[in-house]
Each structure stands twice: as C-alpha cells, then as structure tokens.
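Printed here is model_31.pdb (PDB, C-alpha atoms and all ligand atoms):
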```
ATOM      1  CA  MET A  23      63.623 172.174  18.269
ATOM      2  CA  ILE A  24      64.944 175.647  17.622
ATOM      3  CA  VAL A  25      63.163 178.740  18.806
ATOM      4  CA  ASN A  26      64.018 181.749  16.706
ATOM      5  CA  ALA A  27      63.242 185.366  17.198
ATOM      6  CA  LEU A  28      63.934 188.120  14.760
ATOM      7  CA  ASP A  29      64.585 191.483  16.278
ATOM      8  CA  TRP A  30      65.945 194.858  15.297
ATOM      9  CA  LEU A  31      66.018 198.404  16.418
ATOM     10  CA  THR A  32      62.794 200.217  15.737
ATOM     11  CA  ASN A  33      62.711 200.833  12.009
ATOM     12  CA  TYR A  34      59.468 201.941  10.452
ATOM     13  CA  TRP A  35      60.826 201.064   7.001
ATOM     14  CA  LEU A  36      61.669 197.448   7.797
ATOM     15  CA  SER A  37      59.357 194.707   8.973
ATOM     16  CA  ALA A  38      59.301 190.925   9.266
ATOM     17  CA  ASN A  39      56.526 188.404   9.431
ATOM     18  CA  PRO A  40      56.484 186.414  11.590
ATOM     19  CA  ARG A  41      58.797 187.978  14.136
ATOM     20  CA  THR A  42      58.910 184.848  16.264
ATOM     21  CA  LEU A  43      58.577 181.239  15.215
ATOM     22  CA  VAL A  44      59.380 177.712  16.304
ATOM     23  CA  ILE A  45      61.163 175.448  13.829
ATOM     24  CA  PRO A  46      61.369 171.756  14.715
ATOM     25  CA  ALA A  47      64.831 170.214  14.296
ATOM     26  CA  GLY A  48      65.498 169.161  10.709
ATOM     27  CA  ASN A  49      62.863 171.499   9.262
ATOM     28  CA  ASN A  50      62.906 174.997   7.850
ATOM     29  CA  SER A  51      60.591 177.958   7.578
ATOM     30  CA  ASN A  52      60.385 181.270   5.763
ATOM     31  CA  ILE A  53      60.399 184.738   7.275
ATOM     32  CA  TYR A  54      59.145 187.490   5.005
ATOM     33  CA  ILE A  55      61.077 190.739   5.171
ATOM     34  CA  ALA A  56      59.403 193.882   3.848
ATOM     35  CA  PHE A  57      60.919 197.256   2.990
ATOM     36  CA  ASP A  58      58.698 200.345   2.886
ATOM     37  CA  ALA A  59      60.152 203.542   1.430
ATOM     38  CA  THR A  60      56.935 205.526   1.915
ATOM     39  CA  ASN A  61      57.764 209.072   3.049
ATOM     40  CA  LEU A  62      61.489 208.372   3.195
ATOM     41  CA  GLU A  63      63.567 211.294   1.962
ATOM     42  CA  ASN A  64      67.132 210.267   2.777
ATOM     43  CA  PRO A  65      69.058 208.178   0.244
ATOM     44  CA  ASN A  66      70.372 205.511   2.642
ATOM     45  CA  TYR A  67      68.971 203.563   5.562
ATOM     46  CA  ASP A  68      70.910 200.945   7.512
ATOM     47  CA  ALA A  69      69.798 198.377  10.040
ATOM     48  CA  GLU A  70      70.786 194.983  11.313
ATOM     49  CA  LEU A  71      68.507 191.991  11.538
ATOM     50  CA  VAL A  72      69.356 189.902  14.578
ATOM     51  CA  LEU A  73      68.241 186.294  14.514
ATOM     52  CA  SER A  74      68.279 184.832  18.002
ATOM     53  CA  SER A  75      67.894 181.147  18.692
ATOM     54  CA  ASN A  76      68.729 178.421  21.169
ATOM     55  CA  ASP A  77      71.431 177.084  18.824
ATOM     56  CA  PRO A  78      74.648 177.330  20.892
ATOM     57  CA  ASP A  79      76.873 177.545  17.788
ATOM     58  CA  GLU A  80      74.969 180.155  15.794
ATOM     59  CA  ASN A  81      73.463 182.594  18.223
ATOM     60  CA  PRO A  82      72.810 185.297  17.349
ATOM     61  CA  VAL A  83      73.074 185.587  13.576
ATOM     62  CA  ARG A  84      73.379 189.220  12.453
ATOM     63  CA  VAL A  85      72.397 190.278   8.949
ATOM     64  CA  PRO A  86      73.206 193.817   7.804
ATOM     65  CA  VAL A  87      70.389 195.474   5.866
ATOM     66  CA  ASN A  88      70.634 198.543   3.653
ATOM     67  CA  LEU A  89      67.809 200.348   1.901
ATOM     68  CA  LYS A  90      68.643 202.821  -0.839
ATOM     69  CA  VAL A  91      65.909 205.279  -1.689
ATOM     70  CA  ALA A  92      65.738 207.095  -4.977
ATOM     71  CA  GLY A  93      64.042 210.301  -3.959
ATOM     72  CA  ARG A  94      62.985 213.654  -5.278
ATOM     73  CA  GLY A  95      65.250 214.904  -8.004
ATOM     74  CA  ASP A  96      66.386 211.385  -8.884
ATOM     75  CA  PRO A  97      63.752 210.318 -11.428
ATOM     76  CA  ASN A  98      66.087 207.838 -13.134
ATOM     77  CA  ALA A  99      66.642 206.091  -9.762
ATOM     78  CA  ASP A 100      70.404 205.745  -9.998
ATOM     79  CA  PHE A 101      70.817 207.183  -6.467
ATOM     80  CA  LYS A 102      72.655 210.218  -7.812
ATOM     81  CA  VAL A 103      71.233 213.635  -8.565
ATOM     82  CA  ASN A 104      72.898 215.076 -11.629
ATOM     83  CA  VAL A 105      72.313 216.408 -15.129
ATOM     84  CA  THR A 106      70.943 213.063 -16.317
ATOM     85  CA  ASP A 107      67.983 213.685 -14.002
ATOM     86  CA  VAL A 108      67.375 217.059 -15.641
ATOM     87  CA  ILE A 109      67.357 215.357 -19.026
ATOM     88  CA  TYR A 110      65.054 212.646 -17.695
ATOM     89  CA  LEU A 111      62.564 215.227 -16.416
ATOM     90  CA  VAL A 112      62.658 217.243 -19.642
ATOM     91  CA  ASN A 113      61.989 214.062 -21.599
ATOM     92  CA  TYR A 114      59.156 213.125 -19.245
ATOM     93  CA  PHE A 115      57.507 216.547 -19.213
ATOM     94  CA  PHE A 116      57.947 217.581 -22.832
ATOM     95  CA  LYS A 117      58.731 214.553 -24.978
ATOM     96  CA  GLY A 118      56.529 211.757 -23.655
ATOM     97  CA  GLY A 119      59.458 210.028 -21.973
ATOM     98  CA  PRO A 120      59.020 207.438 -19.243
ATOM     99  CA  ALA A 121      57.615 208.414 -15.861
ATOM    100  CA  PRO A 122      59.995 208.714 -12.923
ATOM    101  CA  ILE A 123      61.077 205.244 -11.843
ATOM    102  CA  PRO A 124      60.675 205.716  -8.060
ATOM    103  CA  GLY A 125      57.200 207.200  -8.591
ATOM    104  CA  LEU A 126      55.710 210.482  -9.694
ATOM    105  CA  PHE A 127      56.807 212.160  -6.454
ATOM    106  CA  ALA A 128      60.402 212.083  -7.761
ATOM    107  CA  ALA A 129      59.413 214.617 -10.432
ATOM    108  CA  ASP A 130      58.075 217.053  -7.822
ATOM    109  CA  VAL A 131      61.543 218.284  -6.991
ATOM    110  CA  ASN A 132      60.386 221.455  -5.220
ATOM    111  CA  CYS A 133      57.627 219.765  -3.157
ATOM    112  CA  ASP A 134      54.759 222.002  -4.293
ATOM    113  CA  ASN A 135      52.599 219.002  -5.237
ATOM    114  CA  LEU A 136      52.850 219.929  -8.896
ATOM    115  CA  ARG A 137      55.045 218.376 -11.555
ATOM    116  CA  ASN A 138      56.057 220.887 -14.183
ATOM    117  CA  VAL A 139      58.852 223.011 -15.601
ATOM    118  CA  THR A 140      59.471 224.705 -12.236
ATOM    119  CA  ASP A 141      60.815 221.367 -11.011
ATOM    120  CA  VAL A 142      63.323 221.303 -13.846
ATOM    121  CA  ILE A 143      64.361 224.876 -13.020
ATOM    122  CA  TYR A 144      64.643 223.992  -9.329
ATOM    123  CA  LEU A 145      66.874 221.031 -10.153
ATOM    124  CA  VAL A 146      69.079 223.097 -12.482
ATOM    125  CA  ASN A 147      69.438 225.751  -9.772
ATOM    126  CA  TYR A 148      70.456 223.078  -7.275
ATOM    127  CA  LEU A 149      72.995 221.458  -9.573
ATOM    128  CA  PHE A 150      74.577 224.520 -11.133
ATOM    129  CA  LYS A 151      73.749 227.585  -9.055
ATOM    130  CA  GLY A 152      73.953 226.457  -5.424
ATOM    131  CA  GLY A 153      70.184 226.384  -4.943
ATOM    132  CA  PRO A 154      68.461 224.324  -2.253
ATOM    133  CA  LYS A 155      68.590 220.566  -2.574
ATOM    134  CA  PRO A 156      65.555 218.605  -3.762
ATOM    135  CA  GLY A 157      63.137 217.505  -1.092
ATOM    136  CA  CYS A 158      60.677 218.857   1.407
TER
HETATM  137 CA    CA B   1      69.647 210.220 -10.823
HETATM  138 CA    CA B   2      56.841 220.685  -8.170
END
```

As structure tokens, please, write out the structure in this file.
Ligand SMILES: [Ca+2]
Ligand SMILES: [Ca+2]
Amino acid sequence: MIVNALDWLTNYWLSANPRTLVIPAGNNSNIYIAFDATNLENPNYDAELVLSSNDPDENPVRVPVNLKVAGRGDPNADFKVNVTDVIYLVNYFFKGGPAPIPGLFAADVNCDNLRNVTDVIYLVNYLFKGGPKPGC
C-alpha cells in the first residue's frame, strides 16, 4: 500500500483533487489538477507539485508546473504584446473579426470596463510611444 500526498506552496491558481489518497499496491488512481487564471495579470506563474509517498525509491516526486496567461493587450493569446494584437483588436472592433481568445477582458486594454477604440489607442501608445503597459 502506498500513501500519497500532493502538496505545494500556496497557489490560488493551482489546485488538486484529491490532495491525499491511498493507493493499494498494484493499483493506480487519478489526481485532477486544475489551473485557474481568473484575475491573473502576470504572464507567467511557476510552481512545483510535490508528490510524497512511502515509496523509499521515489519519494518525493517533484513536478514543475508553469501557467502562461494571455492577458490584457494580448487578444491573440500568443503571450506577446505587439502590433499583431493591434490588428487583432481592429479586426474585432471594426471588421467582425474573432473575439479575443483569452476572453473579452483581453480587449479592455486600459481597464475602464469598456471595449472600444480607446483600447486600440492605448495599445498603440504602449507599443510605439512609451505609454503605460496594458493592465490594471
Ligand atoms: Ca499577442
Ligand atoms: Ca477599455
């Protein structure tokens, strides 16, 4: 019988269910890992899942975890903010193009809870005129 426990530093964006389980020898079980990017503004989040057990050969097992968040100003979700995002927003606002991939919040570049041409201007100012970066 192996007793496993999954643990990590406190990360509100990463969760596991169950966090502790008992697996009889010769069997297996699933642990469901969930990522939640709600209210995350930074592009990268790192953590390490640590699987502890009573197995003397494999204790603990460490699994690096990385979450990339496509945020405001990155409507095409390529994790870069550049002129292609300006084009994406112009297409979305004025030409019936696809909605921002990460969600509609990505089009609200200036965080005023509106999605319109001022967001395009804000993004152009950031990219080409040293304006403030997208985000709240
Ligand atoms: Ca982008
Ligand atoms: Ca806005």

| said: Residues contacting ligand CA 1 (chain B) - anything with an atom at most 6 Å away, using only C-alpha atoms and all ligand atoms - can you give me those as a list in words? | reply: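 Using only C-alpha atoms and all ligand atoms, everything at most 6 Å from ligand CA 1 (chain B) comes to Asp96, Pro97, Asn98, Ala99, Asp100, Phe101, Lys102, Val103, Asn104 and Asp107 of chain A.
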
| Hits from the PyMOL selection byres (((chain A and resi 62) around 12) and not hetatm), listed as a ChimeraX atom specification | /A:33-36,57-61,63-67,89-94,124,127-128,157-158

| Using the chain letters and numbers from the file, which residues does the PyMOL selection byres (((not hetatm)) within 9 of (chain B and resi 2)) grab, as a PyMOL selection string? | chain A and resi 127+129-142+144

| field | Result set of the PyMOL selection byres (((chain A and resi 40) around 10) and not hetatm) on the coordinates above, as a list in words | value | Ala27, Leu28, Ser37, Ala38, Asn39, Arg41, Thr42, Leu43, Asn52, Ile53, Tyr54 and Ile55 of chain A

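Taking atom CA of Leu149 of chain A and atom CA of Thr106 of chain A as endpoints, the distance between them is 11.0 Å.
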
| remark: Pairwise distance, atom CA of Val146 of chain A with atom CA of Gly119 of chain A, equals 18.8 Å

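Of note, atom CA of Pro86 of chain A and atom CA of Lys155 of chain A are spaced 29.1 Å apart.
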